[in-house]
Amino acid sequence: PDAQPPLLRLVAAAARHRFRRGPGSRRGVRPRASRLPKLPSQLGDRSKGGGVMAEGARRGRPPRLTRETVARAVLEVGFPQLTFTAVRERLGVGESTLFRYAPDRDELVRLGLGLAMESVEMPPRQGPWRQVLTDYAVFAWRFWEAHPGSATEVSRGVFTLVMVRLSDELCSFLMECGFTARNALLTCDLVFDMVVDSRRGVEHMDGLSAETGPERDDMKRQWVPDEPEDNPVPGWEKIRQAKLEAVNLPPFDWFMKKLEVILAGVAASLAPRE
């Protein structure tokens with residue numbers, strides 16, 4: 001081979017470089033086409049249905065949901081109209097995705113109420129117990145009022161850990177004021193049960209809940225009829241007049257009158273003797 005002219009040696013080396021000898025093959029075998037990198041012209045324009053992403057398209061997975069995002073969607077939909085479908089459409093996600101954060105409607109309610117409770121400032125727990133309970137009862141009324149339909153949800157027994165913590169803190173405050181644990185719990189239950197029930201009544205009469213009852217005007221006609229039934233009770237006219245005054249009062253004013261009675265009863269039978 002050393003006697004070959006330089007030109008022949010060059011041609012032979014080039015041939016060995018371009019081909020490799022396969023077992024049992026009489027001719028050289030080219031490298032497999034699958035091992036060769038494909039050129040852009042071979043891939044084609046996949047933006048029209050293929051796999052190459054069009055210029056300017058978004059890359060990566062869509063942003064993940066969070067419990068706060070779901071909670072905000074619940075508040076935006078509103079409790080009277082709250083359904084899985086409404087929240088899912090608001091978020092633009094599938095049903096299985098939403099199920100990861102809320103397995104049922106009650107959990108959607110808890111998420112919404114929890115976010116709403118964390119977004120407000122609680123009254124201070126300082127001063128006489130009666131004033132503190134009044135402040136918290138008014139706070140609760142205004143909170144339910146700001147979120148129509150929420151009192152109806154709570155009246156079904158759907159509440160959040162924030163609410164449980166708030167009740168415990170108020171019971172602890174009352175115990176510091178001299179209440180027994182039992183009387184402190186009974187007091188908190190009386191006050192806030194009345195708040196929720198009063199707001200739920202307003203929601204039903206004003207059509208602010210998914211399960212509404214008679215509207216306010218219908219309730220007036222039923223509760224305060226123009227004419228008495230046969231054999232009316234003694235004092236019927238005075239009772240009717242008192243009913244008229246009650247139904248014509250703003251709901252919050254009537255609520256405050258009931259709160260005064262409850263707190264007077266607490267002072268007489270549950271509060272520590274001074």
# chains A, B, ... in the order shown; residues from 1 in each chain; ligands from 1
>>> residues_around(residues="region 170-177 of chain A", least_positions_apart="4", cutoff="8 Å", atoms="only C-alpha atoms", output="ChimeraX atom specification")
/A:125,129,166,181,184-185,188,272
>>> residues_around(residues="Thr85 (chain A)", least_positions_apart="4", cutoff="9 Å", atoms="only C-alpha atoms", output="list in words")
Glu89, Arg90 and Glu95 of chain A
>>> closest_residue(among="A:Phe99, A:Phe192, A:Phe84, A:Trp236", to="Trp144 (chain A)", atoms="only C-alpha atoms")
A:Phe192
>>> residues_around(residues="Leu259 (chain A)", least_positions_apart="5", cutoff="8 Å", atoms="only C-alpha atoms", output="PyMOL selection string")
chain A and resi 134+191+194
>>> closest_atom_pairs(of="region 141-225 of chain A", to="region 100-106 of chain A", cutoff="10 Å", atoms="only C-alpha atoms", output="tab-separated table")
residue	atom	partner	partner_atom	distance
A:Glu153	CA	A:Asp106	CA	8.5
A:Arg156	CA	A:Asp106	CA	9.7
A:Gly157	CA	A:Asp106	CA	9.6
A:Val158	CA	A:Asp106	CA	6.6
A:Phe159	CA	A:Asp106	CA	9.0
>>> closest_residue(among="A:Val154, A:Trp254, A:Pro228, A:Val202", to="Glu215 (chain A)", atoms="only C-alpha atoms")
A:Val202
>>> closest_residue(among="A:Ala137, A:Val74, A:Val93, A:Ala86", to="Ala116 (chain A)", atoms="only C-alpha atoms")
A:Val74
>>> select_by_dssp(residues="region 117-260 of chain A", states="alpha helix (DSSP H)", output="PyMOL selection string")
chain A and resi 117-118+129-146+150-155+161-176+181-205+216-223+236-248+251-260
>>> decode(residues="region 211-245 of chain A", atoms="N, CA, C and O atoms", output="short mmCIF file (atom, residue, chain, number, x, y, z; two decimals), in the first residue's frame")
data_model
loop_
_atom_site.label_atom_id
_atom_site.label_comp_id
_atom_site.auth_asym_id
_atom_site.auth_seq_id
_atom_site.Cartn_x
_atom_site.Cartn_y
_atom_site.Cartn_z
N GLU A 211 -82.42 29.00 49.03
CA GLU A 211 -83.67 28.42 49.52
C GLU A 211 -84.49 29.52 50.20
O GLU A 211 -84.46 29.67 51.41
N THR A 212 -85.20 30.27 49.42
CA THR A 212 -85.95 31.40 49.97
C THR A 212 -87.31 30.95 50.47
O THR A 212 -87.89 29.99 49.97
N GLY A 213 -87.81 31.69 51.45
CA GLY A 213 -89.15 31.46 51.95
C GLY A 213 -90.08 32.54 51.44
O GLY A 213 -89.82 33.14 50.39
N PRO A 214 -91.16 32.81 52.16
CA PRO A 214 -92.06 33.89 51.74
C PRO A 214 -91.32 35.23 51.71
O PRO A 214 -90.48 35.50 52.57
N GLU A 215 -91.60 36.05 50.72
CA GLU A 215 -90.97 37.36 50.67
C GLU A 215 -91.53 38.26 51.77
O GLU A 215 -92.55 37.96 52.40
N ARG A 216 -90.87 39.39 51.97
CA ARG A 216 -91.21 40.23 53.11
C ARG A 216 -92.67 40.69 53.09
O ARG A 216 -93.36 40.63 54.11
N ASP A 217 -93.15 41.10 51.94
CA ASP A 217 -94.54 41.55 51.86
C ASP A 217 -95.51 40.41 52.14
O ASP A 217 -96.55 40.61 52.79
N ASP A 218 -95.19 39.22 51.62
CA ASP A 218 -96.05 38.07 51.90
C ASP A 218 -96.05 37.73 53.37
O ASP A 218 -97.08 37.37 53.95
N MET A 219 -94.89 37.83 54.00
CA MET A 219 -94.80 37.55 55.43
C MET A 219 -95.63 38.54 56.23
O MET A 219 -96.30 38.18 57.20
N LYS A 220 -95.61 39.81 55.83
CA LYS A 220 -96.42 40.81 56.52
C LYS A 220 -97.90 40.47 56.47
O LYS A 220 -98.62 40.56 57.46
N ARG A 221 -98.35 40.07 55.27
CA ARG A 221 -99.76 39.74 55.13
C ARG A 221 -100.15 38.53 55.98
O ARG A 221 -101.25 38.48 56.51
N GLN A 222 -99.23 37.57 56.11
CA GLN A 222 -99.55 36.38 56.90
C GLN A 222 -99.45 36.65 58.40
O GLN A 222 -100.27 36.16 59.18
N TRP A 223 -98.45 37.40 58.79
CA TRP A 223 -98.20 37.63 60.22
C TRP A 223 -99.08 38.74 60.79
O TRP A 223 -99.42 38.71 61.97
N VAL A 224 -99.43 39.70 59.93
CA VAL A 224 -100.22 40.84 60.40
C VAL A 224 -101.46 40.97 59.50
O VAL A 224 -101.53 41.87 58.64
N PRO A 225 -102.43 40.09 59.66
CA PRO A 225 -103.64 40.18 58.82
C PRO A 225 -104.45 41.43 59.15
O PRO A 225 -104.38 41.97 60.27
N ASP A 226 -105.21 41.89 58.17
CA ASP A 226 -106.03 43.08 58.40
C ASP A 226 -107.19 42.81 59.33
O ASP A 226 -107.60 43.69 60.11
N GLU A 227 -107.72 41.60 59.27
CA GLU A 227 -108.86 41.24 60.10
C GLU A 227 -108.51 40.05 60.97
O GLU A 227 -107.77 39.15 60.55
N PRO A 228 -109.02 40.02 62.20
CA PRO A 228 -108.72 38.89 63.08
C PRO A 228 -109.50 37.64 62.67
O PRO A 228 -110.49 37.72 61.95
N GLU A 229 -108.99 36.50 63.10
CA GLU A 229 -109.74 35.27 62.90
C GLU A 229 -110.93 35.25 63.86
O GLU A 229 -111.08 36.13 64.71
N ASP A 230 -111.76 34.23 63.71
CA ASP A 230 -112.87 34.07 64.65
C ASP A 230 -112.32 33.88 66.06
O ASP A 230 -111.32 33.21 66.27
N ASN A 231 -112.98 34.48 67.02
CA ASN A 231 -112.57 34.40 68.43
C ASN A 231 -111.11 34.85 68.61
O ASN A 231 -110.25 34.07 69.02
N PRO A 232 -110.79 36.09 68.29
CA PRO A 232 -109.41 36.57 68.44
C PRO A 232 -108.99 36.56 69.91
O PRO A 232 -109.83 36.64 70.82
N VAL A 233 -107.69 36.48 70.16
CA VAL A 233 -107.18 36.47 71.52
C VAL A 233 -107.39 37.84 72.14
O VAL A 233 -107.46 38.87 71.42
N PRO A 234 -107.49 37.92 73.45
CA PRO A 234 -107.60 39.23 74.10
C PRO A 234 -106.39 40.11 73.77
O PRO A 234 -105.25 39.63 73.77
N GLY A 235 -106.64 41.36 73.48
CA GLY A 235 -105.56 42.29 73.15
C GLY A 235 -105.07 42.15 71.72
O GLY A 235 -103.96 42.61 71.42
N TRP A 236 -105.88 41.56 70.86
CA TRP A 236 -105.44 41.31 69.49
C TRP A 236 -105.01 42.58 68.77
O TRP A 236 -104.00 42.60 68.07
N GLU A 237 -105.75 43.66 68.94
CA GLU A 237 -105.44 44.91 68.24
C GLU A 237 -104.07 45.45 68.67
O GLU A 237 -103.29 45.92 67.83
N LYS A 238 -103.77 45.40 69.97
CA LYS A 238 -102.47 45.88 70.44
C LYS A 238 -101.33 44.99 69.94
O LYS A 238 -100.24 45.48 69.60
N ILE A 239 -101.62 43.69 69.91
CA ILE A 239 -100.60 42.77 69.39
C ILE A 239 -100.34 43.05 67.91
O ILE A 239 -99.18 43.06 67.46
N ARG A 240 -101.41 43.28 67.17
CA ARG A 240 -101.25 43.56 65.74
C ARG A 240 -100.43 44.83 65.53
O ARG A 240 -99.57 44.90 64.65
N GLN A 241 -100.69 45.85 66.35
CA GLN A 241 -99.95 47.09 66.22
C GLN A 241 -98.46 46.89 66.52
O GLN A 241 -97.59 47.43 65.83
N ALA A 242 -98.17 46.08 67.53
CA ALA A 242 -96.77 45.79 67.87
C ALA A 242 -96.10 45.03 66.72
O ALA A 242 -94.93 45.29 66.39
N LYS A 243 -96.83 44.12 66.08
CA LYS A 243 -96.28 43.39 64.94
C LYS A 243 -95.98 44.34 63.78
O LYS A 243 -94.94 44.22 63.12
N LEU A 244 -96.88 45.27 63.53
CA LEU A 244 -96.67 46.23 62.46
C LEU A 244 -95.39 47.04 62.70
O LEU A 244 -94.60 47.29 61.78
N GLU A 245 -95.21 47.47 63.94
CA GLU A 245 -94.00 48.23 64.26
C GLU A 245 -92.75 47.38 64.05
O GLU A 245 -91.73 47.87 63.56
#
